[in-house]
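Enquirer: Contents of data-v3.txt (compact mmCIF, C-alpha atoms and all ligand atoms) are below:
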# COMPACT_ATOMS: atom_id res chain seq x y z
CA MET A 21 15.24 -2.30 -6.68
CA LEU A 22 14.47 -1.73 -3.00
CA ARG A 23 16.77 -3.41 -0.50
CA LEU A 24 16.29 -3.62 3.25
CA GLN A 25 19.39 -4.79 5.05
CA ASN A 26 19.17 -6.02 8.61
CA LEU A 27 16.45 -3.43 9.26
CA GLU A 28 15.68 -2.94 12.91
CA LYS A 29 13.21 -0.74 14.75
CA ARG A 30 13.04 -0.44 18.49
CA TYR A 31 10.44 2.05 19.69
CA ARG A 32 11.15 4.21 22.72
CA THR A 33 8.76 2.05 24.67
CA GLY A 34 11.27 -0.79 24.22
CA ASP A 35 9.14 -2.70 21.67
CA LEU A 36 11.38 -4.34 19.07
CA ALA A 37 9.06 -4.10 16.05
CA LEU A 38 11.58 -5.22 13.39
CA LYS A 39 14.32 -7.67 14.27
CA GLY A 40 16.86 -7.30 11.50
CA VAL A 41 14.74 -7.77 8.36
CA ASP A 42 16.48 -8.51 5.04
CA LEU A 43 14.30 -8.03 1.98
CA GLU A 44 14.75 -7.21 -1.69
CA VAL A 45 11.90 -6.02 -3.90
CA PRO A 46 12.86 -6.08 -7.59
CA ASP A 47 11.59 -3.40 -9.96
CA GLY A 48 8.01 -3.99 -11.04
CA GLN A 49 7.17 -6.54 -8.36
CA ILE A 50 3.94 -6.36 -6.34
CA MET A 51 4.61 -7.79 -2.91
CA ALA A 52 2.00 -8.29 -0.22
CA LEU A 53 3.02 -8.08 3.40
CA ILE A 54 0.81 -10.18 5.64
CA GLY A 55 0.88 -11.11 9.30
CA PRO A 56 -1.09 -10.67 12.50
CA SER A 57 -1.65 -7.35 14.18
CA GLY A 58 1.55 -6.14 15.79
CA ALA A 59 3.80 -8.17 13.47
CA GLY A 60 5.59 -5.04 12.27
CA LYS A 61 3.99 -4.54 8.83
CA SER A 62 3.25 -0.83 9.21
CA THR A 63 6.62 -0.26 10.85
CA LEU A 64 8.37 -1.92 7.91
CA ILE A 65 6.48 0.21 5.39
CA ARG A 66 7.16 3.42 7.33
CA CYS A 67 10.83 2.62 7.99
CA THR A 68 11.29 2.22 4.23
CA ASN A 69 10.61 5.92 3.59
CA ARG A 70 11.78 6.88 7.10
CA LEU A 71 8.41 8.20 8.25
CA VAL A 72 9.47 6.04 11.16
CA GLU A 73 13.21 6.24 11.76
CA PRO A 74 14.89 2.80 11.81
CA THR A 75 17.17 2.15 14.76
CA GLY A 76 19.43 -0.23 12.84
CA GLY A 77 20.20 -1.51 9.36
CA LYS A 78 20.00 0.13 5.96
CA VAL A 79 17.45 0.94 3.30
CA TRP A 80 18.60 1.18 -0.30
CA LEU A 81 16.59 2.41 -3.27
CA ASN A 82 18.67 1.44 -6.29
CA ASP A 83 22.15 2.73 -5.43
CA MET A 84 20.96 5.37 -2.94
CA GLU A 85 21.15 4.60 0.76
CA LEU A 86 18.04 6.27 2.17
CA THR A 87 19.15 5.69 5.74
CA GLY A 88 22.23 7.83 5.12
CA LEU A 89 20.43 10.90 3.78
CA GLY A 90 20.06 14.27 5.47
CA ALA A 91 16.69 16.03 5.65
CA GLY A 92 16.81 17.81 2.26
CA ALA A 93 18.06 14.81 0.33
CA LEU A 94 15.51 12.59 2.07
CA ARG A 95 12.70 14.94 1.04
CA ARG A 96 13.83 14.68 -2.58
CA ALA A 97 14.25 10.91 -2.34
CA ARG A 98 10.72 10.53 -0.97
CA ARG A 99 9.34 11.70 -4.30
CA SER A 100 10.29 8.27 -5.61
CA MET A 101 8.13 6.55 -3.01
CA GLY A 102 4.39 7.15 -3.24
CA MET A 103 2.37 6.25 -0.20
CA ILE A 104 -1.24 5.10 0.03
CA PHE A 105 -2.88 5.06 3.47
CA GLN A 106 -5.74 3.18 5.09
CA GLU A 107 -7.54 6.37 6.07
CA TYR A 108 -6.68 8.03 2.74
CA ALA A 109 -4.97 11.04 4.45
CA LEU A 110 -6.74 13.53 2.19
CA VAL A 111 -7.26 17.18 3.07
CA GLU A 112 -11.00 17.02 3.60
CA ARG A 113 -11.88 20.63 2.79
CA LEU A 114 -9.84 20.66 -0.44
CA SER A 115 -11.11 19.52 -3.83
CA VAL A 116 -10.29 16.24 -5.48
CA MET A 117 -7.99 18.07 -7.92
CA GLU A 118 -6.18 19.93 -5.14
CA ASN A 119 -5.63 16.73 -3.24
CA VAL A 120 -4.15 15.03 -6.29
CA LEU A 121 -1.94 18.03 -7.02
CA SER A 122 -0.61 17.91 -3.47
CA GLY A 123 1.31 14.87 -4.72
CA ARG A 124 3.40 17.38 -6.72
CA LEU A 125 4.39 19.47 -3.68
CA GLY A 126 7.78 17.79 -3.52
CA TYR A 127 8.52 19.19 -7.00
CA VAL A 128 7.18 22.74 -6.98
CA GLY A 129 8.78 25.66 -5.15
CA PHE A 130 7.49 27.00 -1.83
CA TRP A 131 5.59 30.01 -3.18
CA ARG A 132 3.98 28.09 -6.00
CA SER A 133 2.77 25.52 -3.51
CA TYR A 134 1.75 28.22 -1.00
CA PHE A 135 -0.54 29.80 -3.61
CA ARG A 136 -1.37 26.37 -5.00
CA ARG A 137 -0.21 27.45 -8.47
CA PHE A 138 0.85 24.30 -10.20
CA PRO A 139 2.36 24.04 -13.69
CA GLN A 140 -0.11 23.20 -16.46
CA SER A 141 1.72 19.91 -17.07
CA ASP A 142 0.95 18.87 -13.45
CA ILE A 143 -2.71 19.78 -13.89
CA ASP A 144 -2.90 17.85 -17.18
CA GLU A 145 -1.35 14.80 -15.52
CA ALA A 146 -3.77 15.07 -12.58
CA PHE A 147 -6.69 15.09 -15.06
CA ARG A 148 -5.23 12.04 -16.81
CA LEU A 149 -4.85 10.17 -13.53
CA LEU A 150 -8.36 11.05 -12.37
CA GLY A 151 -9.68 9.92 -15.75
CA ARG A 152 -7.82 6.63 -15.39
CA VAL A 153 -9.47 5.89 -12.03
CA GLY A 154 -12.91 7.05 -13.20
CA LEU A 155 -13.13 10.28 -11.21
CA ASP A 156 -12.71 12.88 -13.95
CA HIS A 157 -16.28 14.08 -13.38
CA MET A 158 -15.50 14.83 -9.73
CA VAL A 159 -12.44 17.07 -9.91
CA ASP A 160 -14.15 19.98 -8.13
CA LYS A 161 -15.85 17.97 -5.40
CA ARG A 162 -14.55 18.36 -1.90
CA ALA A 163 -12.80 15.30 -0.51
CA ASP A 164 -15.30 15.06 2.34
CA GLU A 165 -18.15 14.59 -0.16
CA LEU A 166 -16.72 11.32 -1.50
CA SER A 167 -17.33 7.69 -0.59
CA GLY A 168 -14.51 5.61 0.90
CA GLY A 169 -13.71 3.95 -2.42
CA GLN A 170 -13.64 7.31 -4.21
CA ARG A 171 -11.37 8.76 -1.53
CA GLN A 172 -8.96 5.90 -1.92
CA ARG A 173 -8.91 6.50 -5.69
CA VAL A 174 -7.93 10.09 -4.98
CA GLY A 175 -5.24 8.81 -2.60
CA ILE A 176 -3.94 6.55 -5.38
CA CYS A 177 -3.88 9.46 -7.85
CA ARG A 178 -2.03 11.65 -5.36
CA ALA A 179 0.61 8.96 -4.85
CA LEU A 180 0.99 8.48 -8.62
CA ALA A 181 1.16 12.24 -9.25
CA GLN A 182 4.52 12.07 -7.49
CA ASN A 183 5.72 9.93 -10.39
CA PRO A 184 7.16 7.37 -7.97
CA GLU A 185 9.20 4.23 -8.66
CA LEU A 186 7.82 2.44 -5.65
CA LEU A 187 4.43 2.42 -3.94
CA LEU A 188 4.22 1.89 -0.19
CA VAL A 189 0.66 0.86 0.52
CA ASP A 190 -0.49 0.60 4.12
CA GLU A 191 -3.78 -1.27 4.61
CA PRO A 192 -5.46 0.28 1.55
CA THR A 193 -8.72 -1.61 1.98
CA ALA A 194 -9.13 -1.82 5.74
CA SER A 195 -11.88 0.84 5.76
CA LEU A 196 -13.71 -0.45 2.67
CA ASP A 197 -16.41 -3.02 2.00
CA PRO A 198 -15.35 -6.32 0.35
CA LYS A 199 -16.38 -5.42 -3.20
CA THR A 200 -14.73 -1.99 -3.11
CA SER A 201 -11.66 -3.59 -1.54
CA ARG A 202 -11.26 -5.89 -4.54
CA GLN A 203 -11.77 -3.00 -6.95
CA ILE A 204 -9.15 -0.89 -5.17
CA MET A 205 -6.62 -3.72 -5.02
CA ARG A 206 -7.21 -4.49 -8.69
CA LEU A 207 -6.75 -0.82 -9.58
CA ILE A 208 -3.51 -0.52 -7.60
CA CYS A 209 -2.12 -3.64 -9.29
CA GLU A 210 -3.18 -2.56 -12.78
CA LEU A 211 -1.59 0.86 -12.31
CA CYS A 212 1.63 -0.71 -11.00
CA LYS A 213 1.79 -2.92 -14.09
CA GLU A 214 1.00 -0.04 -16.48
CA ARG A 215 3.67 2.17 -14.90
CA LYS A 216 6.14 -0.61 -14.10
CA LEU A 217 6.11 0.30 -10.41
CA SER A 218 7.01 -1.99 -7.59
CA ALA A 219 4.79 -2.05 -4.53
CA ILE A 220 4.79 -3.25 -0.96
CA VAL A 221 1.21 -3.69 0.15
CA ASN A 222 0.47 -4.21 3.84
CA ILE A 223 -2.79 -6.10 3.76
CA HIS A 224 -4.51 -8.07 6.50
CA ASP A 225 -6.88 -9.91 4.12
CA VAL A 226 -5.03 -13.08 3.16
CA MET A 227 -7.38 -13.87 0.29
CA LEU A 228 -6.93 -10.45 -1.29
CA ALA A 229 -3.17 -10.81 -0.93
CA GLN A 230 -3.31 -14.18 -2.69
CA MET A 231 -5.52 -12.85 -5.45
CA PHE A 232 -3.49 -9.83 -6.38
CA ALA A 233 0.14 -10.10 -5.27
CA GLU A 234 2.80 -12.08 -7.09
CA ARG A 235 4.88 -12.49 -3.94
CA ILE A 236 3.84 -12.79 -0.34
CA VAL A 237 5.98 -12.02 2.66
CA GLY A 238 4.67 -13.15 6.04
CA LEU A 239 5.85 -11.23 9.09
CA LYS A 240 5.56 -12.44 12.63
CA LEU A 241 6.92 -10.60 15.68
CA GLY A 242 9.21 -8.50 13.50
CA GLU A 243 10.70 -11.38 11.49
CA ILE A 244 10.02 -12.83 8.06
CA VAL A 245 8.57 -16.30 8.45
CA TYR A 246 7.37 -16.78 4.83
CA ASP A 247 8.63 -15.39 1.54
CA GLY A 248 7.24 -17.00 -1.58
CA PRO A 249 4.44 -17.27 -4.11
CA PRO A 250 0.75 -16.94 -3.18
CA ASP A 251 0.10 -20.64 -3.76
CA GLY A 252 2.77 -21.52 -1.20
CA LEU A 253 0.49 -20.25 1.56
CA THR A 254 -0.56 -23.65 2.81
CA ALA A 255 -2.56 -24.18 5.98
CA GLU A 256 0.72 -25.00 7.74
CA VAL A 257 2.35 -21.76 6.58
CA LEU A 258 -0.69 -19.69 7.60
CA THR A 259 -0.69 -21.38 10.98
CA GLU A 260 3.00 -20.54 11.35
CA ILE A 261 2.25 -16.88 10.55
CA TYR A 262 -1.04 -16.40 12.39
CA GLY A 263 -1.30 -19.28 14.83
CA GLU A 264 -4.01 -21.93 15.00
CA GLU A 265 -6.93 -21.39 12.59
CA ASP A 266 -8.90 -23.55 10.18
CA TRP A 267 -7.39 -22.32 6.94
CA GLU A 268 -8.73 -25.04 4.67
CA ALA A 269 -11.76 -23.07 3.46
CA THR A 270 -9.63 -20.15 2.29
CA ILE A 271 -7.08 -22.32 0.54
CA ARG A 272 -9.59 -24.67 -1.06
CA LYS A 273 -11.54 -21.77 -2.52
CA VAL A 274 -8.44 -20.29 -4.14
CA ASP A 275 -7.28 -23.70 -5.44
CA ASP A 276 -10.69 -24.46 -6.93
CA GLU A 277 -10.50 -21.35 -9.05
CA ASP A 278 -6.89 -21.93 -10.11
CA GLY A 279 -6.34 -21.04 -13.73
CA GLU A 280 -9.32 -18.72 -13.92
CA ALA A 281 -8.85 -15.05 -14.65
CA GLU A 282 -8.37 -12.81 -11.63
CA GLU A 283 -11.58 -10.97 -12.45
CA SER A 284 -13.71 -14.07 -12.50
CA LEU A 285 -12.14 -15.35 -9.29
CA ALA A 286 -12.88 -12.06 -7.59
CA GLU A 287 -16.43 -11.95 -8.87
CA SER A 288 -17.13 -15.60 -8.13
CA LEU A 289 -16.47 -15.33 -4.41
CA HIS A 290 -19.64 -16.03 -2.56
CA ASP A 291 -20.62 -13.30 -0.14
CA ASP A 292 -21.14 -15.74 2.71
CA HIS A 293 -17.72 -17.16 2.16
CA ARG A 294 -16.24 -13.68 2.10
CA ALA A 295 -18.01 -12.89 5.32
CA VAL A 296 -16.46 -15.92 7.00
CA VAL A 297 -13.01 -14.97 5.74
CA LEU A 298 -13.51 -11.37 6.76
CA ASP A 299 -14.68 -12.39 10.21
CA ARG A 300 -11.58 -14.49 10.54
CA ASN A 301 -9.44 -11.60 9.44
CA LEU A 302 -11.13 -9.35 11.93
CA ILE A 303 -10.12 -11.81 14.60
CA ILE A 304 -6.56 -12.29 13.46
CA GLY A 305 -6.00 -9.05 11.62
CA ASN A 306 -5.76 -5.48 12.69
P1 LIG B 401 1.34 -4.21 12.29
O1 LIG B 401 1.32 -3.16 11.24
O2 LIG B 401 1.79 -5.54 11.78
O3 LIG B 401 0.04 -4.33 13.04
P2 LIG B 401 3.03 -2.40 13.76
O4 LIG B 401 4.18 -2.12 12.89
O5 LIG B 401 1.96 -1.39 13.87
O6 LIG B 401 2.43 -3.83 13.39
O7 LIG B 401 3.56 -2.67 15.25
C1 LIG B 401 4.66 -3.55 15.52
C2 LIG B 401 5.01 -3.46 17.00
O8 LIG B 401 5.51 -2.17 17.29
C3 LIG B 401 3.85 -3.69 17.93
O9 LIG B 401 4.33 -4.36 19.07
C4 LIG B 401 3.41 -2.29 18.29
O10 LIG B 401 2.83 -2.25 19.57
C5 LIG B 401 4.73 -1.55 18.29
N1 LIG B 401 4.54 -0.13 17.89
C6 LIG B 401 4.03 0.32 16.73
N2 LIG B 401 4.02 1.67 16.70
C7 LIG B 401 4.53 2.07 17.89
C8 LIG B 401 4.80 3.34 18.48
N3 LIG B 401 4.54 4.48 17.83
N4 LIG B 401 5.34 3.37 19.70
C9 LIG B 401 5.62 2.25 20.37
N5 LIG B 401 5.41 0.99 19.89
C10 LIG B 401 4.87 0.91 18.65
What would the structure in this file look like if it were written as structure tokens?
Ligand code: ADP

Expert:
Amino acid sequence: MLRLQNLEKRYRTGDLALKGVDLEVPDGQIMALIGPSGAGKSTLIRCTNRLVEPTGGKVWLNDMELTGLGAGALRRARRSMGMIFQEYALVERLSVMENVLSGRLGYVGFWRSYFRRFPQSDIDEAFRLLGRVGLDHMVDKRADELSGGQRQRVGICRALAQNPELLLVDEPTASLDPKTSRQIMRLICELCKERKLSAIVNIHDVMLAQMFAERIVGLKLGEIVYDGPPDGLTAEVLTEIYGEEDWEATIRKVDDEDGEAEESLAESLHDDHRAVVLDRNLIIGN
């Protein structure tokens, strides 16, 4: 269980990005974080693992207070929190396999990591993960030879190689086309279910959030203004989060497909409709 207590972040510039956020994410839950650009979504994700240092409040992972840890203990604690980034954050000149194995750096000693000598069990697990995401034929390719979707699969494998309890996912699809975005979100959710991981997914695409997350948290100006199920995102709620928009098309489309399998909903979306939604997200999103 992840618990944020009265979490606050004020940047040096004076911007108050998080205004005392309280949030609990139970084990195994996939939670989407939505909200307009500047709402504090990235800050919340990065304060959770202290990539950004909170200026107030506490972060608990199970019974460990992350905000109270010194540097060494924090490094060890971060193994439990895999991170997936919008721009993949791969080492471009390294191979797919080496990038995945870099997820193990928190576990292996300095010299082993310096010479990139990883235990056979780590290599076996990296092969398994790459097989699971359909990249086992690409282990020796350099990261800079891959497509965006393939890079994100490598990023997912690297995060999972850490053997985390929690995934922090920051705009995983923002650099991908709509079809690849759905595939990547589906893959992240499937892997979370298979491994019983919880996840916080910062995602600007409301429709993707509704399709894949079981809980949605809406942030606005550093405060939670919605916390509930995907089907509670009414036009009124979306207007509260994002401001004035015509949300009916988005909501109607999701309602129409209610009861259908996720796959068929994803595949049934008409490209034109997606384009409209994407355009809207470009306007309101990041
Ligand atoms: P989101 O991810 O929802 O777009 P962010 O967390 O990036 O929002 O930003 C929240 C607020 O914090 C914004 O007002 C933004 O300008 C500010 N902010 C984010 N990062 C920094 C930073 N490094 N320095 C100063 N202000 C920042």

Enquirer: Can you tell me which residues sit at most 6 Å away from ligand LIG 401 (chain B), counting all atoms listed in the file, written as a count of residues only?

Expert: 13

Enquirer: May I have the residues within 12 Å of region 113-122 of chain A as a PyMOL selection string, using all atoms listed in the file and disregarding those fewer than 4 positions away in the same chain?

Expert: chain A and resi 99+102+108-109+126-128+132-151+155-166+170-183

Enquirer: Could you check which of A:Gln106, A:Ala255, A:Ile261, A:Ala229 is closest to Leu196 (chain A), using all atoms listed in the file?

Expert: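 Closest to Leu196 (chain A) of all the choices is A:Gln106.
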
Enquirer: With all atoms listed in the file as the basis for distance, which of A:Leu188, A:Met205, A:Leu241, A:Leu71 is at the shortest distance from Leu217 (chain A)?

Expert: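 Checking each of A:Leu188, A:Met205, A:Leu241, A:Leu71 against Leu217 (chain A), counting all atoms listed in the file, the winner is A:Leu188.
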
Enquirer: Which polymer residues, whether protein, DNA or RNA, lie within 12 Å of the coordinate (-10.0, -3.8, -3.8) when you count all atoms listed in the file? List them as an MDAnalysis selection string, using the chain letters and numbers from the file.

Expert: chainID A and resid 168:170 172:173 191:210 221 223 225 227:229 231:232 283 286:287

Enquirer: Select, from A:Lys29, A:His224, A:Lys39, A:Arg66, the residue with the minimum atom-to-atom distance to Gly242 (chain A), counting only C-alpha atoms.

Expert: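 Looking only at the distances to Gly242 (chain A), the closest residue turns out to be A:Lys39.
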
Enquirer: Between CA of Gly154 (chain A) and CA of Ile50 (chain A), what is the distance, to one decimal in Å?

Expert: 22.6 Å
